[in-house]
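Structure file coords-v8.txt (compact mmCIF, C-alpha atoms) is printed below.
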# COMPACT_ATOMS: atom_id res chain seq x y z
CA MET A 1 -46.19 -62.20 -154.81
CA LEU A 2 -47.61 -65.32 -156.40
CA LEU A 3 -45.81 -67.30 -159.09
CA ILE A 4 -48.21 -69.38 -161.21
CA VAL A 5 -46.47 -71.97 -163.36
CA GLY A 6 -48.28 -73.67 -166.21
CA LEU A 7 -46.59 -76.88 -167.36
CA GLY A 8 -46.37 -77.96 -170.97
CA ASN A 9 -44.08 -78.28 -173.95
CA PRO A 10 -43.23 -75.38 -176.28
CA GLY A 11 -44.10 -75.34 -179.96
CA ALA A 12 -47.24 -75.44 -182.09
CA LYS A 13 -47.24 -79.23 -182.42
CA HIS A 14 -47.74 -79.57 -178.65
CA ALA A 15 -50.33 -76.80 -178.24
CA ARG A 16 -53.42 -79.04 -178.19
CA GLN A 17 -51.95 -81.94 -176.24
CA ARG A 18 -53.17 -83.13 -172.84
CA HIS A 19 -49.71 -82.53 -171.38
CA ASN A 20 -50.13 -78.82 -172.21
CA VAL A 21 -53.26 -78.16 -170.19
CA GLY A 22 -51.12 -76.16 -167.73
CA PHE A 23 -50.13 -73.80 -170.55
CA MET A 24 -53.81 -73.51 -171.52
CA ALA A 25 -54.80 -72.60 -167.96
CA VAL A 26 -52.23 -69.81 -167.55
CA ASP A 27 -53.11 -68.49 -171.01
CA ALA A 28 -56.74 -68.26 -169.85
CA ILE A 29 -55.72 -66.36 -166.69
CA HIS A 30 -53.50 -64.08 -168.79
CA ARG A 31 -56.36 -63.15 -171.14
CA HIS A 32 -59.03 -62.75 -168.49
CA HIS A 33 -57.06 -60.57 -166.07
CA GLY A 34 -55.23 -58.26 -168.45
CA PHE A 35 -51.67 -59.34 -167.75
CA GLY A 36 -48.81 -57.67 -169.59
CA PRO A 37 -47.26 -59.14 -172.73
CA TRP A 38 -45.36 -62.38 -172.65
CA ARG A 39 -41.59 -61.95 -172.66
CA LYS A 40 -38.61 -64.26 -172.41
CA ARG A 41 -37.09 -64.63 -168.96
CA PHE A 42 -35.90 -67.47 -166.71
CA GLN A 43 -35.90 -69.91 -169.66
CA ALA A 44 -39.63 -69.32 -169.85
CA GLU A 45 -42.33 -67.08 -171.21
CA MET A 46 -43.27 -64.72 -168.39
CA ALA A 47 -46.05 -62.16 -167.93
CA GLU A 48 -46.67 -59.76 -165.06
CA GLY A 49 -49.99 -58.69 -163.63
CA SER A 50 -52.08 -58.78 -160.49
CA LEU A 51 -54.78 -60.92 -158.93
CA ALA A 52 -56.88 -59.68 -156.00
CA GLY A 53 -54.55 -56.69 -155.73
CA GLU A 54 -51.47 -58.90 -155.33
CA LYS A 55 -48.58 -58.95 -157.79
CA CYS A 56 -48.58 -62.14 -159.82
CA LEU A 57 -46.22 -63.68 -162.35
CA LEU A 58 -47.31 -66.24 -164.90
CA ILE A 59 -44.64 -68.44 -166.44
CA LYS A 60 -44.62 -71.14 -169.08
CA PRO A 61 -41.25 -72.97 -169.01
CA GLN A 62 -39.74 -73.31 -172.49
CA THR A 63 -37.30 -76.02 -171.42
CA TYR A 64 -39.66 -78.89 -172.29
CA MET A 65 -41.54 -80.72 -169.58
CA ASN A 66 -38.71 -82.87 -168.22
CA ARG A 67 -36.60 -79.80 -167.40
CA SER A 68 -39.33 -77.50 -166.07
CA GLY A 69 -37.45 -77.16 -162.79
CA GLN A 70 -34.71 -75.14 -164.48
CA ALA A 71 -37.12 -72.30 -165.25
CA VAL A 72 -39.06 -72.52 -161.99
CA GLY A 73 -35.87 -72.71 -159.92
CA GLU A 74 -34.45 -69.60 -161.61
CA ALA A 75 -37.62 -67.58 -161.09
CA ALA A 76 -38.13 -68.73 -157.49
CA GLY A 77 -34.52 -68.02 -156.63
CA PHE A 78 -34.48 -64.56 -158.21
CA PHE A 79 -37.61 -63.43 -156.35
CA LYS A 80 -36.75 -65.42 -153.19
CA LEU A 81 -40.18 -67.01 -153.15
CA PRO A 82 -41.20 -69.56 -150.50
CA SER A 83 -42.98 -72.71 -151.60
CA ASP A 84 -46.43 -71.46 -150.58
CA ASP A 85 -46.09 -68.59 -153.09
CA ILE A 86 -45.56 -71.01 -155.98
CA LEU A 87 -48.50 -72.72 -157.69
CA VAL A 88 -47.96 -75.29 -160.44
CA ILE A 89 -50.80 -76.20 -162.82
CA HIS A 90 -50.41 -79.56 -164.52
CA ASP A 91 -52.16 -82.49 -166.16
CA GLU A 92 -53.11 -85.47 -163.99
CA VAL A 93 -53.82 -88.91 -165.46
CA ASP A 94 -55.03 -90.25 -162.11
CA LEU A 95 -58.10 -87.98 -162.23
CA PRO A 96 -61.02 -88.31 -164.67
CA PRO A 97 -61.22 -85.71 -167.43
CA GLY A 98 -62.51 -82.39 -166.13
CA LYS A 99 -61.96 -83.16 -162.45
CA ILE A 100 -59.55 -81.01 -160.43
CA ARG A 101 -57.79 -81.27 -157.09
CA MET A 102 -55.76 -78.75 -155.13
CA LYS A 103 -52.75 -80.15 -153.32
CA ILE A 104 -49.77 -78.92 -151.32
CA GLY A 105 -46.60 -80.98 -151.43
CA GLY A 106 -46.48 -84.74 -151.74
CA GLY A 107 -45.10 -87.05 -154.38
CA VAL A 108 -44.95 -86.60 -158.14
CA ALA A 109 -46.71 -89.81 -159.28
CA GLY A 110 -44.38 -90.25 -162.24
CA HIS A 111 -44.96 -86.74 -163.62
CA ASN A 112 -41.58 -85.68 -164.99
CA GLY A 113 -42.37 -81.97 -164.87
CA LEU A 114 -43.17 -82.17 -161.16
CA LYS A 115 -40.12 -84.33 -160.59
CA SER A 116 -37.89 -81.70 -162.17
CA ILE A 117 -39.47 -78.89 -160.14
CA GLY A 118 -39.16 -80.90 -156.94
CA ALA A 119 -35.45 -81.41 -157.60
CA ALA A 120 -35.02 -77.65 -158.03
CA ILE A 121 -37.10 -76.21 -155.17
CA GLY A 122 -38.38 -79.15 -153.11
CA ASN A 123 -41.84 -80.71 -153.21
CA ASP A 124 -43.75 -78.37 -150.89
CA PHE A 125 -45.18 -76.13 -153.62
CA ARG A 126 -48.92 -75.76 -154.29
CA ARG A 127 -50.50 -77.67 -157.16
CA LEU A 128 -53.62 -77.51 -159.28
CA ARG A 129 -54.10 -80.97 -160.75
CA ILE A 130 -56.29 -81.06 -163.86
CA GLY A 131 -57.63 -84.51 -164.70
CA VAL A 132 -57.14 -85.71 -168.27
CA GLY A 133 -58.07 -89.35 -167.70
CA HIS A 134 -56.00 -92.51 -167.96
CA PRO A 135 -55.51 -94.64 -171.08
CA GLY A 136 -55.90 -97.82 -169.02
CA ALA A 137 -52.35 -99.16 -169.07
CA LYS A 138 -49.23 -97.58 -167.60
CA GLU A 139 -47.14 -98.13 -170.72
CA ARG A 140 -49.64 -96.13 -172.78
CA VAL A 141 -49.46 -92.99 -170.59
CA PRO A 142 -46.57 -91.20 -172.41
CA GLY A 143 -48.26 -91.46 -175.80
CA TYR A 144 -51.64 -90.55 -174.30
CA VAL A 145 -50.54 -87.29 -172.67
CA LEU A 146 -48.56 -86.32 -175.79
CA HIS A 147 -51.66 -86.72 -177.93
CA ASP A 148 -54.11 -83.94 -178.73
CA PHE A 149 -57.25 -83.68 -176.64
CA ALA A 150 -60.11 -85.56 -178.28
CA LYS A 151 -62.93 -83.54 -179.80
CA ALA A 152 -65.22 -84.89 -177.08
CA ASP A 153 -63.02 -83.18 -174.48
CA ALA A 154 -64.22 -79.85 -175.85
CA GLY A 155 -67.37 -80.62 -173.85
CA TRP A 156 -65.59 -79.91 -170.55
CA LEU A 157 -62.26 -78.19 -171.23
CA PRO A 158 -63.44 -74.67 -172.23
CA SER A 159 -65.78 -74.34 -169.25
CA LEU A 160 -63.12 -75.58 -166.82
CA LEU A 161 -60.49 -73.17 -168.16
CA GLU A 162 -63.02 -70.36 -167.95
CA ALA A 163 -63.77 -71.24 -164.32
CA ILE A 164 -60.05 -71.35 -163.50
CA SER A 165 -59.53 -67.87 -164.95
CA ASN A 166 -62.68 -66.46 -163.32
CA HIS A 167 -61.71 -67.62 -159.84
CA ALA A 168 -57.92 -67.21 -160.05
CA PRO A 169 -57.93 -64.25 -157.61
CA LEU A 170 -58.77 -66.71 -154.84
CA LEU A 171 -55.40 -68.37 -155.45
CA ALA A 172 -53.61 -65.06 -154.80
CA GLU A 173 -55.56 -64.78 -151.54
CA GLY A 174 -54.39 -68.25 -150.50
CA LYS A 175 -57.95 -69.59 -150.57
CA ASP A 176 -57.18 -72.83 -152.37
CA SER A 177 -60.10 -74.77 -150.87
CA THR A 178 -62.58 -72.05 -151.82
CA PHE A 179 -61.08 -71.95 -155.32
CA ALA A 180 -61.52 -75.71 -155.69
CA ASN A 181 -65.13 -75.50 -154.44
CA ARG A 182 -65.93 -72.76 -156.95
CA LEU A 183 -64.56 -74.88 -159.78
CA HIS A 184 -66.60 -77.86 -158.65
CA GLU A 185 -69.71 -75.67 -158.50
CA ALA A 186 -69.04 -74.22 -161.94
CA THR A 187 -68.73 -77.65 -163.55
CA LYS A 188 -71.20 -79.63 -161.43
CA PRO A 189 -74.38 -79.33 -163.57
CA ALA A 190 -72.83 -80.96 -166.60
CA ALA A 191 -70.80 -83.36 -164.50
CA ASP A 192 -74.12 -84.85 -163.43
CA ASP A 193 -75.18 -85.32 -167.07
CA LYS A 194 -74.51 -88.99 -167.79
CA GLY A 195 -75.52 -88.81 -171.44
CA GLY A 196 -72.83 -86.42 -172.71
CA GLU A 197 -70.64 -87.05 -175.68
CA ALA A 198 -67.43 -86.90 -173.63
CA GLU A 199 -68.56 -89.69 -171.32
CA LYS A 200 -69.66 -91.85 -174.25
CA GLU A 201 -66.24 -91.54 -175.87
CA ALA A 202 -64.50 -92.17 -172.56
CA GLY A 203 -66.59 -95.29 -172.14
CA ALA A 204 -65.52 -96.47 -175.55
CA ARG A 205 -61.90 -96.03 -174.48
CA GLN A 206 -62.44 -98.04 -171.32
CA LYS A 207 -59.68 -100.59 -170.93
CA ILE A 208 -58.94 -103.50 -168.64
CA SER A 209 -55.52 -103.24 -167.02
CA ARG A 210 -54.22 -105.89 -164.63
CA GLY A 211 -57.72 -107.17 -164.09
CA LYS A 212 -59.15 -103.78 -163.14
CA VAL A 213 -61.65 -101.78 -165.15
CA VAL A 214 -60.88 -98.09 -165.52
CA PRO A 215 -64.30 -96.40 -165.28
CA PRO A 216 -65.38 -93.67 -167.69
CA PRO A 217 -65.13 -90.08 -166.43
CA ASP A 218 -67.90 -87.62 -165.79
CA ALA A 219 -68.68 -85.24 -168.63
CA VAL A 220 -68.65 -81.50 -168.15
CA GLU A 221 -70.86 -79.04 -169.99
CA GLN A 222 -69.52 -76.81 -172.71
CA ARG A 223 -70.17 -73.09 -172.22
CA ASN A 224 -70.51 -70.34 -174.80
CA GLY A 225 -68.29 -67.51 -173.51
CA PRO A 226 -65.31 -66.03 -175.40
CA LEU A 227 -62.93 -68.59 -173.93
CA ALA A 228 -65.25 -71.41 -174.96
CA ARG A 229 -65.41 -70.09 -178.51
CA GLY A 230 -61.63 -69.87 -178.62
CA LEU A 231 -61.28 -73.46 -177.46
CA ARG A 232 -63.83 -74.61 -180.02
CA ARG A 233 -61.68 -73.06 -182.71
CA LEU A 234 -58.66 -74.80 -181.20
CA PHE A 235 -60.46 -78.14 -181.51
CA GLY A 236 -61.78 -77.35 -185.00
CA ARG A 237 -65.41 -77.25 -183.86
CA ASP A 238 -66.25 -73.87 -185.51
Target format structure tokens, applied to this file:
Amino acid sequence: MLLIVGLGNPGAKHARQRHNVGFMAVDAIHRHHGFGPWRKRFQAEMAEGSLAGEKCLLIKPQTYMNRSGQAVGEAAGFFKLPSDDILVIHDEVDLPPGKIRMKIGGGVAGHNGLKSIGAAIGNDFRRLRIGVGHPGAKERVPGYVLHDFAKADAGWLPSLLEAISNHAPLLAEGKDSTFANRLHEATKPAADDKGGEAEKEAGARQKISRGKVVPPPDAVEQRNGPLARGLRRLFGRD
């Protein structure tokens, strides 16, 4: 069984924030693969379903980000899950917007949600890191991740979430590298487009911190599927 954890904060005011991209990703998987209804369990919203013929649980901790480990620890303990059957999806300021990386174990890089989970179950769980960009100065990070995605981010976010949901069965098969490659392939055409709106806005936000220039991220193309339309409504683009 695979436990997929999307990190975020509960409540409507947090729904569009960068810190909630983990919630957005598991919501996309939930819709695309016909999971059962969300219900309250383990201090989280939980839904049951299957990916690639394997039982899968999706959870969204409702404990707020800094205490995510309470929900994950309860679920992992109840089902007696080893670390390699737990995947956490979270925002990553050290990656440009729209870029992803798969990782197993390691540090938490100041992410309080990961820190809480590590304290509950150890740090050897699998991770899908979704880049949201960096504001340029460390002291600005908390406000940046607790701010809504910019409208320009709608150029890459819907297509990335759609790719995550499309290829999620690979995660249940333990094919993390293949999954990452598929996501890179799905977003590559627009990532090579240097004239996109998202990159222009990112360039405008470019800051100098401690003598170093934080470069603008690549832009990723917006798609027109059902998920993309839903995200456009979320961003007020329709």
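Minimum atom-to-atom distance to Ile86 (chain A), evaluated using only C-alpha atoms, belongs to A:Arg127 out of A:Leu51, A:Gly113, A:Arg127, A:Gly98.
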Query raised in the report: Phe35 (chain A): which residues within 9 Å, counting only C-alpha atoms, same-chain residues fewer than 3 positions away excluded, as a PyMOL selection string?
Result: chain A and resi 29-32+38+47-50+56-58
Query raised in the report: Taking (-42.9, -70.4, -169.1) in the file's coordinates, which residues come within 8 Å, counting only C-alpha atoms, written as a list in words?
Result: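 Residues found, by chain and rising number: Val5, Gly6, Leu7, Phe42, Gln43, Ala44, Glu45, Met46, Leu58, Ile59, Lys60, Pro61, Gln62 and Ala71 of chain A.
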Which residues of region 56-132 of chain A come within 12 Å of region 159-170 of chain A, and what is each one's closest atom pair and distance in Å (one decimal), counting all atoms listed in the file, sorted by chain and residue number, as CSV?
residue,atom,partner,partner_atom,distance
A:Cys56,CA,A:Pro169,CA,9.8
A:Leu58,CA,A:Ala168,CA,11.7
A:Leu87,CA,A:Ala168,CA,11.2
A:Ile89,CA,A:Ile164,CA,10.5
A:Pro97,CA,A:Leu160,CA,10.3
A:Gly98,CA,A:Leu160,CA,6.9
A:Lys99,CA,A:Leu160,CA,8.8
A:Ile100,CA,A:Leu160,CA,9.1
A:Met102,CA,A:Ile164,CA,12.0
A:Leu128,CA,A:Ile164,CA,9.9
A:Arg129,CA,A:Ile164,CA,11.6
A:Ile130,CA,A:Leu160,CA,9.2
A:Gly131,CA,A:Leu160,CA,10.7
A:Val132,CA,A:Leu160,CA,11.9
Query raised in the report: CA of Phe149 (chain A) to CA of Tyr64 (chain A): how many Å, to one decimal?
Result: 18.7 Å
Query - Pairwise distance for CA of Met24 (chain A) and CA of Leu171 (chain A), rounded to one decimal in Å - result: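 CA of Leu171 (chain A) lies at a distance of 16.9 Å from CA of Met24 (chain A).
As for CA of Leu183 (chain A) and CA of Asp91 (chain A), they are spaced 15.9 Å apart.
Neighbours of Asn112 (chain A) closer than or equal to 6 Å, with all atoms listed in the file counted and sequence neighbours fewer than 2 positions away skipped, come out as Asn66, Leu114 and Lys115 of chain A.
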Requested in this report: For the point (-50.1, -75.8, -173.2) in the file's frame, write as a list in words all residues with an atom no more than 10 Å away, counting only C-alpha atoms.
Outcome: Gly6, Leu7, Gly8, Asn9, Pro10, Gly11, Ala12, His14, Ala15, Arg16, Gln17, Arg18, His19, Asn20, Val21, Gly22, Phe23, Met24, Ala25, Val26, Asp27, Lys60, His90 and Asp91 of chain A
Requested in this report: Return the single residue from A:Val88, A:Lys80, A:Lys13, A:Asp94 that is closest to Leu146 (chain A), with distances computed using only C-alpha atoms.
Outcome: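 For Leu146 (chain A), the nearest of the given residues is A:Lys13.
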Put the listed atoms of region 164-168 of chain A in a box along x, y and z with 4 Å added on every side and give me the centre and edge lengths in Å to one decimal, as JSON.
{"center_x": -60.3, "center_y": -68.9, "center_z": -162.4, "size_x": 12.8, "size_y": 12.9, "size_z": 13.1}
Query - Shortest interatomic distance to Leu95 (chain A) - which of A:Gly133, A:Gly107, A:Gly73, A:Gly118, counting all atoms listed in the file - result: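 Of A:Gly133, A:Gly107, A:Gly73, A:Gly118, the one nearest Leu95 (chain A) is A:Gly133, counting all atoms listed in the file.
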Query raised in the report: Nearest to Leu157 (chain A): which of A:Val72, A:Ala28, A:Ile121, A:Val93 is it, counting only C-alpha atoms?
Result: A:Ala28
Requested in this report: Please identify all polymer residues within 12 Å of region 83-85 of chain A, counting all atoms listed in the file, omitting same-chain residues fewer than 6 positions from it, and present them as JSON, numbers by chain.
Outcome: {"A": [1, 2, 3, 4, 5, 54, 55, 56, 57, 72, 73, 75, 76, 77, 103, 104, 105, 117, 118, 120, 121, 122, 123, 124, 125, 126, 127, 171, 172, 173, 174, 175, 176]}
